[in-house]
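Here the structure comes first, spelled out in structure tokens, and everything after it is commentary.
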Amino acid sequence: MLFSFSFFAFGNQQPNVVVVLVDNVPAQLIGAYGNRHVKTPNIDQLADEGMTFDRAFATSGVCSPTRATLLTGLLPSQTGVHNALPSEVGVADWAAVGEFRSLPQTLADAGYRTGLVGKYHLGVPDQSQLGFDSWVTFASGHTSSFHDVVVIDNGKHYRTKKHITDFWTDRAVDFIKKQDKKQPFFLYLSYNGPYMLPPLVLETAKNRHAEFYRKNPAPMPRDPIHPFLQNFVRMADASSDGGGEFLKGWRAEEQGHSSRWAEVAWGMVRSLNNPEAMVHALSELTMVDDGVGRLMATLKAQGLDKNTLVLFTSDQGAALGEHGLWGNSSASLPTAAYDENMHVPLILRQPGRIAEGARGNQLINQFDIAPTVLDYVGMADRVFANTPGLSFVPALQGETVEGHKAVFFEYMRTRAIRTDRWKLVKRFPEGPDELYDLKSDPHEYQNLAGQAQVADIERSLAEDLNVFFTKHANPRFDVWRGGSAKAVMEYGGRNQFYESYFPDWVEPSVQEVTQFRD
């Protein structure tokens, strides 16, 4: 059920919407979520002035699927976006989620000015997509450098002089300054920082905050290397797959590795217990925090602050040594689904409409965000067809909302269900599965899967997981039932599994589709 939140409460002026998205940031890295070692004062101020949700979770484990969910309210097994997408697919101007209702398209069709600044990673990036009026991005989803980056600025290609995080902030500020109070706007400020993945994270950090973290090192987890990461290294070493466009710029041959996959796998290992990797990760996060501060100062200076909803979140999380893993869910085999991968920050702020310093403890799925934003601006009647999402607007107004009893996660062969107390991770077709009692084991170190004393709980959670995906997944994209994906599925030559397990399995493909418009 969607609750109407009429924009007439804003004096007949629909609120502007700014979504600030960061890359691979788990909630635990943000000061507002209790971190005392990372400088995020501007994000923390958002929390002080708005509402922070303590239990928000990503729907998948890597960038393209989660960004598709964020903009459409749909699961990867509904959109067909199961993995990190290439930017060259053989179809000009291909948009991975163009056939679905999306936030930018819906707001544009309703009269909003719309702008993308930053990482897109949902199709061919050369021209504007999904109803965006202004289009400032770069060609890749992978970040190989924060310096001297070639950007696509409304059709023009050029190399930036500034650190790319500062450049995105500059362009976001420019977009805001061009707006007037007569027409609402939607800004999707999608930072590709702090990123935190190798090989970049292994390079010496070159930004204005790096020296602070060298002098004030944050504590690092000292867990032994996870067996899933060990397996990732073994399989990558045996692979000659170059990873295609997705891994362009990964310098395997310079590092003496057999493939780009071997470089990334060994890069994850080299990141563990590596002080400079942590300096790189945290200093780039503080660079993003600087951008949030400039963004908020600009909204206030332009007199737009009080009529603008600002939503801050991350596409997905990442481990920084916890469980002996580094990076997002792609950095292990089988793929990981710990809370470090799933738990993301979610903060919403608008003065006078959202209580200052409020905290929400309800379970929030990433697919709830798009329906919530439309509900908030008075467009609850624009329905994201087949979304499992629910609007949490009443919670923003201080009401008690029943919401979801569980959150759900999928990353190809890995799926998870997480309730208040329990978390079940299942892997197709035959495991290994994981079951955690989050009350007694909140950090997920004691796997109870297969133990007799919790057999009924495990069976019940598995049934709920199956019912959910049976209800919502599109059979064409339900990879547990022989479905495929758009453009790519697994990298590293691992699609052979599907070819052998499902005799009629179809390779991932790209098709031209009719773009959704209201």
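Residue names in the structure tokens use chain letters A, B, ... in the order shown, residue numbers from 1 in each chain, and ligand numbers from 1 in the order shown.
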- Task: May I have the residues within 7 Å of segment 63-78 of chain A as number ranges by chain, using only C-alpha atoms and disregarding those fewer than 6 positions away in the same chain?
- Result: A: 84-85, 97, 100-103, 121-122, 315-316, 366-371, 384, 387, 389, 473-474, 477-478
Dump as a tab-separated table (two decimals), in the first residue's frame, selection limited to C-alpha atoms:
chain	number	residue	atom	x	y	z
A	84	ALA	CA	28.17	-5.18	-13.60
A	85	LEU	CA	27.35	-4.08	-17.15
A	97	VAL	CA	16.16	-0.50	-17.73
A	100	PHE	CA	10.52	0.13	-17.09
A	101	ARG	CA	9.16	3.09	-15.17
A	102	SER	CA	12.06	4.82	-13.46
A	103	LEU	CA	12.46	7.70	-11.05
A	121	HIS	CA	26.53	2.03	-15.25
A	122	LEU	CA	23.14	1.08	-16.71
A	315	ASP	CA	24.54	1.16	-4.02
A	316	GLN	CA	25.80	-1.70	-1.85
A	366	GLN	CA	16.42	-1.08	-1.56
A	367	PHE	CA	13.39	-1.61	-3.79
A	368	ASP	CA	11.35	0.50	-1.35
A	369	ILE	CA	13.23	3.69	-2.22
A	370	ALA	CA	11.74	4.46	-5.64
A	371	PRO	CA	8.10	4.02	-4.53
A	384	PHE	CA	6.16	0.79	-10.44
A	387	THR	CA	7.55	-3.90	-7.54
A	389	GLY	CA	8.50	-2.28	-2.69
A	473	ALA	CA	10.91	-12.98	-10.46
A	474	ASN	CA	10.40	-12.80	-14.21
A	477	PHE	CA	15.55	-13.57	-15.74
A	478	ASP	CA	15.14	-16.05	-12.88
- Item | Which of segment 243-368 of chain A fall in strand (DSSP E), as a list in words | Thr308, Leu309, Val310, Leu311, Phe312, Thr313, Ser314, Ala319, Leu320, Trp326, Gly327, His343, Val344, Leu346, Ile347, Leu348, Arg349, Ala358, Arg359, Gly360, Ile364 and Asn365 of chain A
Keeping only N, CA, C and O atoms, take the residues you just selected and write them out as a PDB file, in the first residue's frame.
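Result went into selection_22.pdb, see below:
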ATOM      1  N   THR A 308      13.615  20.962  -0.626  1.00  0.00           N
ATOM      2  CA  THR A 308      14.345  19.901  -1.300  1.00  0.00           C
ATOM      3  C   THR A 308      14.503  18.695  -0.386  1.00  0.00           C
ATOM      4  O   THR A 308      15.031  18.805   0.732  1.00  0.00           O
ATOM      5  N   LEU A 309      14.035  17.560  -0.871  1.00  0.00           N
ATOM      6  CA  LEU A 309      14.300  16.291  -0.209  1.00  0.00           C
ATOM      7  C   LEU A 309      15.692  15.826  -0.636  1.00  0.00           C
ATOM      8  O   LEU A 309      15.965  15.682  -1.829  1.00  0.00           O
ATOM      9  N   VAL A 310      16.561  15.595   0.331  1.00  0.00           N
ATOM     10  CA  VAL A 310      17.881  15.034   0.061  1.00  0.00           C
ATOM     11  C   VAL A 310      17.917  13.617   0.609  1.00  0.00           C
ATOM     12  O   VAL A 310      17.624  13.394   1.792  1.00  0.00           O
ATOM     13  N   LEU A 311      18.256  12.675  -0.245  1.00  0.00           N
ATOM     14  CA  LEU A 311      18.324  11.265   0.137  1.00  0.00           C
ATOM     15  C   LEU A 311      19.749  10.784  -0.102  1.00  0.00           C
ATOM     16  O   LEU A 311      20.266  10.879  -1.220  1.00  0.00           O
ATOM     17  N   PHE A 312      20.390  10.281   0.932  1.00  0.00           N
ATOM     18  CA  PHE A 312      21.760   9.782   0.852  1.00  0.00           C
ATOM     19  C   PHE A 312      21.762   8.280   1.081  1.00  0.00           C
ATOM     20  O   PHE A 312      21.184   7.781   2.058  1.00  0.00           O
ATOM     21  N   THR A 313      22.433   7.550   0.182  1.00  0.00           N
ATOM     22  CA  THR A 313      22.540   6.099   0.349  1.00  0.00           C
ATOM     23  C   THR A 313      23.733   5.590  -0.444  1.00  0.00           C
ATOM     24  O   THR A 313      24.475   6.354  -1.065  1.00  0.00           O
ATOM     25  N   SER A 314      23.942   4.273  -0.403  1.00  0.00           N
ATOM     26  CA  SER A 314      24.995   3.617  -1.165  1.00  0.00           C
ATOM     27  C   SER A 314      24.386   2.539  -2.039  1.00  0.00           C
ATOM     28  O   SER A 314      23.310   1.999  -1.720  1.00  0.00           O
ATOM     29  N   ALA A 319      33.155  -5.347   2.239  1.00  0.00           N
ATOM     30  CA  ALA A 319      33.983  -5.734   3.387  1.00  0.00           C
ATOM     31  C   ALA A 319      35.345  -5.066   3.263  1.00  0.00           C
ATOM     32  O   ALA A 319      35.881  -4.932   2.155  1.00  0.00           O
ATOM     33  N   LEU A 320      35.896  -4.667   4.377  1.00  0.00           N
ATOM     34  CA  LEU A 320      37.245  -4.098   4.427  1.00  0.00           C
ATOM     35  C   LEU A 320      38.111  -4.919   5.365  1.00  0.00           C
ATOM     36  O   LEU A 320      38.858  -4.389   6.186  1.00  0.00           O
ATOM     37  N   TRP A 326      37.618  -8.647   1.149  1.00  0.00           N
ATOM     38  CA  TRP A 326      37.748  -7.228   0.794  1.00  0.00           C
ATOM     39  C   TRP A 326      36.893  -6.966  -0.439  1.00  0.00           C
ATOM     40  O   TRP A 326      36.973  -7.693  -1.422  1.00  0.00           O
ATOM     41  N   GLY A 327      36.076  -5.922  -0.365  1.00  0.00           N
ATOM     42  CA  GLY A 327      35.308  -5.524  -1.529  1.00  0.00           C
ATOM     43  C   GLY A 327      33.864  -5.980  -1.477  1.00  0.00           C
ATOM     44  O   GLY A 327      33.377  -6.475  -0.462  1.00  0.00           O
ATOM     45  N   HIS A 343      24.307  -4.179   4.097  1.00  0.00           N
ATOM     46  CA  HIS A 343      23.807  -3.092   4.952  1.00  0.00           C
ATOM     47  C   HIS A 343      24.326  -1.748   4.439  1.00  0.00           C
ATOM     48  O   HIS A 343      25.531  -1.521   4.382  1.00  0.00           O
ATOM     49  N   VAL A 344      23.424  -0.866   4.064  1.00  0.00           N
ATOM     50  CA  VAL A 344      23.818   0.417   3.482  1.00  0.00           C
ATOM     51  C   VAL A 344      23.256   1.574   4.302  1.00  0.00           C
ATOM     52  O   VAL A 344      22.238   1.436   4.989  1.00  0.00           O
ATOM     53  N   LEU A 346      21.169   4.954   4.849  1.00  0.00           N
ATOM     54  CA  LEU A 346      19.991   5.571   4.233  1.00  0.00           C
ATOM     55  C   LEU A 346      19.545   6.720   5.120  1.00  0.00           C
ATOM     56  O   LEU A 346      19.093   6.508   6.255  1.00  0.00           O
ATOM     57  N   ILE A 347      19.704   7.939   4.615  1.00  0.00           N
ATOM     58  CA  ILE A 347      19.372   9.151   5.363  1.00  0.00           C
ATOM     59  C   ILE A 347      18.518  10.049   4.472  1.00  0.00           C
ATOM     60  O   ILE A 347      18.857  10.258   3.303  1.00  0.00           O
ATOM     61  N   LEU A 348      17.411  10.576   5.004  1.00  0.00           N
ATOM     62  CA  LEU A 348      16.549  11.490   4.267  1.00  0.00           C
ATOM     63  C   LEU A 348      16.364  12.761   5.081  1.00  0.00           C
ATOM     64  O   LEU A 348      16.134  12.709   6.292  1.00  0.00           O
ATOM     65  N   ARG A 349      16.405  13.891   4.369  1.00  0.00           N
ATOM     66  CA  ARG A 349      16.333  15.184   5.051  1.00  0.00           C
ATOM     67  C   ARG A 349      15.493  16.163   4.248  1.00  0.00           C
ATOM     68  O   ARG A 349      15.684  16.329   3.046  1.00  0.00           O
ATOM     69  N   ALA A 358      15.829  12.013  13.754  1.00  0.00           N
ATOM     70  CA  ALA A 358      14.994  10.826  13.931  1.00  0.00           C
ATOM     71  C   ALA A 358      15.740   9.576  13.476  1.00  0.00           C
ATOM     72  O   ALA A 358      16.602   9.625  12.598  1.00  0.00           O
ATOM     73  N   ARG A 359      15.394   8.438  14.065  1.00  0.00           N
ATOM     74  CA  ARG A 359      15.968   7.149  13.676  1.00  0.00           C
ATOM     75  C   ARG A 359      14.825   6.196  13.353  1.00  0.00           C
ATOM     76  O   ARG A 359      13.797   6.179  14.030  1.00  0.00           O
ATOM     77  N   GLY A 360      15.020   5.417  12.318  1.00  0.00           N
ATOM     78  CA  GLY A 360      14.041   4.399  11.942  1.00  0.00           C
ATOM     79  C   GLY A 360      14.670   3.027  12.046  1.00  0.00           C
ATOM     80  O   GLY A 360      15.777   2.803  11.551  1.00  0.00           O
ATOM     81  N   ILE A 364      14.230  -2.010   5.735  1.00  0.00           N
ATOM     82  CA  ILE A 364      14.028  -1.320   4.462  1.00  0.00           C
ATOM     83  C   ILE A 364      14.767  -2.072   3.369  1.00  0.00           C
ATOM     84  O   ILE A 364      15.979  -2.315   3.458  1.00  0.00           O
ATOM     85  N   ASN A 365      14.038  -2.480   2.346  1.00  0.00           N
ATOM     86  CA  ASN A 365      14.636  -3.043   1.148  1.00  0.00           C
ATOM     87  C   ASN A 365      14.993  -1.909   0.182  1.00  0.00           C
ATOM     88  O   ASN A 365      14.280  -0.910   0.095  1.00  0.00           O
TER      89      ASN A 365
END
- Task: Output as JSON, numbers by chain all residues of segment 249-487 of chain A that backbone DSSP marks as alpha helix (DSSP H).
- Result: {"A": [252, 253, 254, 255, 260, 261, 262, 263, 264, 265, 266, 267, 268, 269, 270, 271, 275, 276, 277, 278, 279, 280, 281, 282, 283, 284, 285, 286, 287, 288, 289, 290, 291, 292, 293, 294, 295, 296, 297, 298, 299, 300, 301, 339, 340, 341, 342, 369, 370, 371, 372, 373, 374, 375, 376, 393, 394, 395, 396, 455, 456, 457, 458, 459, 460, 461, 462, 463, 464, 465, 466, 467, 468, 469, 470, 471, 472]}
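Residues lying within 7 Å of segment 282-291 of chain A, counting only C-alpha atoms and ignoring same-chain neighbours fewer than 6 positions away, are Val38, Lys39, Thr40, Asn42, Ile43, Thr165, Asp166, Thr169, Gly193, Pro194, His209, Ala210 and Tyr213 of chain A.
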Can I get the selection written as a compact mmCIF listing (two decimals), in the first residue's frame, with N, CA, C and O atoms?
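Contents of selection-v5.txt, as written:
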# COMPACT_ATOMS: atom_id res chain seq x y z
N VAL A 38 36.32 7.55 11.00
CA VAL A 38 36.20 8.08 9.64
C VAL A 38 35.54 9.45 9.70
O VAL A 38 34.54 9.64 10.41
N LYS A 39 36.10 10.41 8.99
CA LYS A 39 35.57 11.77 8.99
C LYS A 39 34.45 11.89 7.94
O LYS A 39 34.71 11.91 6.75
N THR A 40 33.20 11.96 8.42
CA THR A 40 32.05 12.20 7.54
C THR A 40 31.15 13.27 8.16
O THR A 40 29.94 13.04 8.34
N ASN A 42 29.74 16.05 7.15
CA ASN A 42 28.61 16.58 6.39
C ASN A 42 27.50 15.55 6.22
O ASN A 42 26.31 15.89 6.29
N ILE A 43 27.88 14.29 6.03
CA ILE A 43 26.87 13.23 6.00
C ILE A 43 26.24 13.10 7.38
O ILE A 43 25.01 12.94 7.51
N THR A 165 35.93 13.29 -7.96
CA THR A 165 34.89 13.55 -6.96
C THR A 165 34.59 15.04 -6.89
O THR A 165 33.41 15.45 -6.83
N ASP A 166 35.61 15.87 -6.90
CA ASP A 166 35.39 17.32 -6.90
C ASP A 166 34.73 17.77 -8.20
O ASP A 166 33.91 18.70 -8.19
N THR A 169 31.06 17.11 -7.97
CA THR A 169 30.45 18.09 -7.09
C THR A 169 30.29 19.43 -7.80
O THR A 169 29.25 20.09 -7.69
N GLY A 193 33.10 7.34 -6.07
CA GLY A 193 33.94 7.16 -4.89
C GLY A 193 33.10 6.69 -3.72
O GLY A 193 31.89 6.87 -3.72
N PRO A 194 33.74 6.11 -2.73
CA PRO A 194 35.18 5.86 -2.60
C PRO A 194 35.68 4.63 -3.35
O PRO A 194 36.86 4.40 -3.42
N HIS A 209 42.88 14.37 1.95
CA HIS A 209 42.62 13.76 3.26
C HIS A 209 43.52 12.57 3.57
O HIS A 209 43.47 12.04 4.69
N ALA A 210 44.30 12.13 2.59
CA ALA A 210 45.08 10.91 2.79
C ALA A 210 46.05 11.01 3.96
O ALA A 210 46.19 10.08 4.76
N TYR A 213 44.64 10.28 7.41
CA TYR A 213 44.42 8.88 7.76
C TYR A 213 45.73 8.12 7.93
O TYR A 213 45.77 7.11 8.64
- Please identify all polymer residues within 9 Å of Asp420 of chain A, counting only C-alpha atoms, omitting same-chain residues fewer than 6 positions from it, and present them as a ChimeraX atom specification. /A:363,405-406,438-439
Please produce an output containing N, CA, C and O atoms for each residue in the selection, written as a compact mmCIF listing (two decimals), in the first residue's frame.
# COMPACT_ATOMS: atom_id res chain seq x y z
N LEU A 363 12.82 -2.62 8.82
CA LEU A 363 13.59 -3.22 7.73
C LEU A 363 13.23 -2.53 6.42
O LEU A 363 12.06 -2.48 6.04
N LYS A 405 8.59 -7.79 6.89
CA LYS A 405 9.07 -8.71 7.92
C LYS A 405 10.46 -9.24 7.57
O LYS A 405 11.11 -9.90 8.40
N ALA A 406 10.92 -8.98 6.34
CA ALA A 406 12.22 -9.47 5.92
C ALA A 406 12.75 -8.61 4.79
O ALA A 406 12.00 -7.91 4.11
N LEU A 438 21.09 -13.69 14.41
CA LEU A 438 21.62 -12.34 14.54
C LEU A 438 21.49 -11.78 15.95
O LEU A 438 22.11 -10.77 16.28
N LYS A 439 20.70 -12.44 16.79
CA LYS A 439 20.59 -12.01 18.18
C LYS A 439 21.83 -12.40 18.96
O LYS A 439 22.41 -11.59 19.70
- Item | Selection near segment 222-237 of chain A, 7 Å with only C-alpha atoms, sequence-local residues under 2 positions removed, as a VMD selection string | chain A and resid 220 239 258 261 to 262 265 to 266 273 321 to 325 331 to 334
Writer output for current selection, all heavy atoms, as a compact mmCIF listing (two decimals), in the first residue's frame:
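Final output, out.txt:
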# COMPACT_ATOMS: atom_id res chain seq x y z
N MET A 220 41.92 -2.01 11.71
CA MET A 220 41.62 -2.91 10.61
C MET A 220 41.26 -4.30 11.15
O MET A 220 41.91 -4.80 12.07
CB MET A 220 42.83 -3.04 9.68
CG MET A 220 43.26 -1.75 9.02
SD MET A 220 44.56 -2.01 7.79
CE MET A 220 43.65 -2.86 6.50
N SER A 239 41.93 -19.14 -14.91
CA SER A 239 41.13 -18.55 -15.98
C SER A 239 42.00 -17.71 -16.89
O SER A 239 42.89 -17.00 -16.45
CB SER A 239 40.01 -17.69 -15.39
OG SER A 239 39.34 -16.98 -16.40
N SER A 258 48.01 -14.18 -14.79
CA SER A 258 47.57 -14.86 -16.00
C SER A 258 46.37 -14.18 -16.64
O SER A 258 46.13 -14.37 -17.83
CB SER A 258 47.21 -16.32 -15.68
OG SER A 258 46.15 -16.36 -14.72
N TRP A 261 41.25 -11.33 -14.15
CA TRP A 261 40.57 -11.87 -12.98
C TRP A 261 41.58 -12.28 -11.91
O TRP A 261 41.33 -12.13 -10.72
CB TRP A 261 39.70 -13.06 -13.37
CG TRP A 261 38.44 -12.60 -14.00
CD1 TRP A 261 38.02 -12.82 -15.28
CD2 TRP A 261 37.42 -11.79 -13.39
NE1 TRP A 261 36.81 -12.20 -15.51
CE2 TRP A 261 36.42 -11.56 -14.37
CE3 TRP A 261 37.25 -11.23 -12.13
CZ2 TRP A 261 35.28 -10.81 -14.12
CZ3 TRP A 261 36.11 -10.48 -11.88
CH2 TRP A 261 35.15 -10.28 -12.87
N ALA A 262 42.72 -12.80 -12.35
CA ALA A 262 43.75 -13.14 -11.37
C ALA A 262 44.27 -11.89 -10.68
O ALA A 262 44.53 -11.89 -9.47
CB ALA A 262 44.90 -13.89 -12.06
N ALA A 265 41.61 -10.80 -8.11
CA ALA A 265 41.54 -11.72 -6.99
C ALA A 265 42.73 -11.54 -6.04
O ALA A 265 42.56 -11.41 -4.82
CB ALA A 265 41.48 -13.16 -7.51
N TRP A 266 43.94 -11.50 -6.60
CA TRP A 266 45.11 -11.28 -5.76
C TRP A 266 45.10 -9.87 -5.17
O TRP A 266 45.62 -9.65 -4.06
CB TRP A 266 46.38 -11.52 -6.57
CG TRP A 266 46.70 -12.98 -6.70
CD1 TRP A 266 46.59 -13.76 -7.81
CD2 TRP A 266 47.17 -13.84 -5.66
NE1 TRP A 266 46.95 -15.06 -7.54
CE2 TRP A 266 47.33 -15.13 -6.22
CE3 TRP A 266 47.49 -13.65 -4.31
CZ2 TRP A 266 47.77 -16.22 -5.48
CZ3 TRP A 266 47.93 -14.75 -3.57
CH2 TRP A 266 48.08 -16.00 -4.16
N ASN A 273 44.54 -6.26 5.56
CA ASN A 273 45.56 -5.83 6.54
C ASN A 273 46.58 -4.89 5.91
O ASN A 273 47.73 -4.84 6.35
CB ASN A 273 46.26 -7.05 7.14
CG ASN A 273 45.30 -7.99 7.83
OD1 ASN A 273 44.31 -7.56 8.41
ND2 ASN A 273 45.58 -9.28 7.74
N GLY A 321 37.99 -6.22 5.23
CA GLY A 321 38.76 -7.14 6.05
C GLY A 321 37.91 -8.04 6.93
O GLY A 321 38.36 -9.09 7.38
N GLU A 322 36.67 -7.63 7.20
CA GLU A 322 35.77 -8.48 7.97
C GLU A 322 35.58 -9.82 7.26
O GLU A 322 35.43 -9.88 6.05
CB GLU A 322 34.41 -7.80 8.16
CG GLU A 322 34.46 -6.47 8.89
CD GLU A 322 34.71 -5.29 7.98
OE1 GLU A 322 34.94 -5.52 6.77
OE2 GLU A 322 34.67 -4.14 8.47
N HIS A 323 35.63 -10.89 8.03
CA HIS A 323 35.49 -12.25 7.50
C HIS A 323 36.64 -12.65 6.56
O HIS A 323 36.54 -13.64 5.85
CB HIS A 323 34.15 -12.43 6.77
CG HIS A 323 32.97 -12.18 7.64
ND1 HIS A 323 32.48 -13.10 8.54
CD2 HIS A 323 32.16 -11.09 7.77
CE1 HIS A 323 31.44 -12.61 9.19
NE2 HIS A 323 31.23 -11.38 8.75
N GLY A 324 37.70 -11.86 6.55
CA GLY A 324 38.80 -12.16 5.64
C GLY A 324 38.46 -11.89 4.20
O GLY A 324 38.97 -12.56 3.28
N LEU A 325 37.61 -10.89 3.97
CA LEU A 325 37.19 -10.51 2.62
C LEU A 325 37.47 -9.02 2.41
O LEU A 325 37.53 -8.25 3.36
CB LEU A 325 35.70 -10.78 2.42
CG LEU A 325 35.24 -12.24 2.46
CD1 LEU A 325 33.72 -12.31 2.50
CD2 LEU A 325 35.79 -13.02 1.27
N ALA A 331 33.73 -10.24 -5.02
CA ALA A 331 35.12 -10.52 -4.66
C ALA A 331 35.28 -11.83 -3.90
O ALA A 331 36.13 -11.95 -3.01
CB ALA A 331 35.70 -9.37 -3.86
N SER A 332 34.46 -12.80 -4.21
CA SER A 332 34.60 -14.12 -3.58
C SER A 332 33.82 -15.13 -4.41
O SER A 332 32.95 -14.78 -5.19
CB SER A 332 34.06 -14.10 -2.14
OG SER A 332 32.66 -13.88 -2.12
N LEU A 333 34.18 -16.37 -4.25
CA LEU A 333 33.45 -17.48 -4.88
C LEU A 333 33.32 -18.60 -3.86
O LEU A 333 34.34 -19.15 -3.42
CB LEU A 333 34.18 -17.98 -6.13
CG LEU A 333 34.05 -17.13 -7.39
CD1 LEU A 333 34.90 -17.70 -8.51
CD2 LEU A 333 32.59 -17.03 -7.83
N PRO A 334 32.09 -18.97 -3.49
CA PRO A 334 30.82 -18.36 -3.89
C PRO A 334 30.75 -16.89 -3.47
O PRO A 334 31.50 -16.45 -2.61
CB PRO A 334 29.77 -19.19 -3.14
CG PRO A 334 30.46 -20.44 -2.73
CD PRO A 334 31.89 -20.08 -2.54
- Query: In terms of the shortest atom-to-atom distance over only C-alpha atoms, which of A:Gly492, A:Pro41, A:Gly118, A:Gly31 is closest to Ile152 of chain A?
  - Reply: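 Once distances to Ile152 of chain A are computed over only C-alpha atoms, the minimum belongs to A:Gly118.
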- Item | Between atom CA of Ala139 of chain A and atom CA of Lys206 of chain A - distance in Å to one decimal | 22.2 Å
At a cut-off of 12 Å, can you tabulate as JSON lines every residue of segment 177-284 of chain A near segment 372-378 of chain A together with its closest atom pair and the distance in Å to one decimal, using only C-alpha atoms and ordering rows by chain then number?
{"residue": "A:Pro184", "atom": "CA", "partner": "A:Val377", "partner_atom": "CA", "distance": 10.2}
{"residue": "A:Phe185", "atom": "CA", "partner": "A:Val377", "partner_atom": "CA", "distance": 11.3}
{"residue": "A:Phe186", "atom": "CA", "partner": "A:Val373", "partner_atom": "CA", "distance": 10.7}
- Could you state the separation of atom CA of Phe497 of chain A and atom CA of Asn341 of chain A in Å, given to one decimal place?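 Atom CA of Phe497 of chain A sits 24.2 Å away from atom CA of Asn341 of chain A.
Among the candidate residues A:Glu99, A:Asp180, A:Asp504, A:Glu276, the one lying nearest to Ala205 of chain A is A:Glu276, with distances computed using only C-alpha atoms.
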- Two-atom distance - atom CA of Glu49 of chain A, atom CA of Gly357 of chain A (Å):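 Atom CA of Glu49 of chain A sits 5.6 Å away from atom CA of Gly357 of chain A.
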- Message: When you look at Thr114 of chain A with a cut-off of 12 Å (counting only C-alpha atoms), what residues show up, excluding the ones that are within fewer than 5 positions of it in the same chain? I need them as a VMD selection string.
- Response: chain A and resid 16 to 19 103 to 109 128 to 136 172 175 to 176 178 to 179 183 to 189
- Pick from A:Phe57, A:Tyr33, A:Phe516, A:Tyr191, whichever lies nearest to Asp339 of chain A using only C-alpha atoms: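 Of A:Phe57, A:Tyr33, A:Phe516, A:Tyr191, the one nearest Asp339 of chain A, counting only C-alpha atoms, is A:Phe57.
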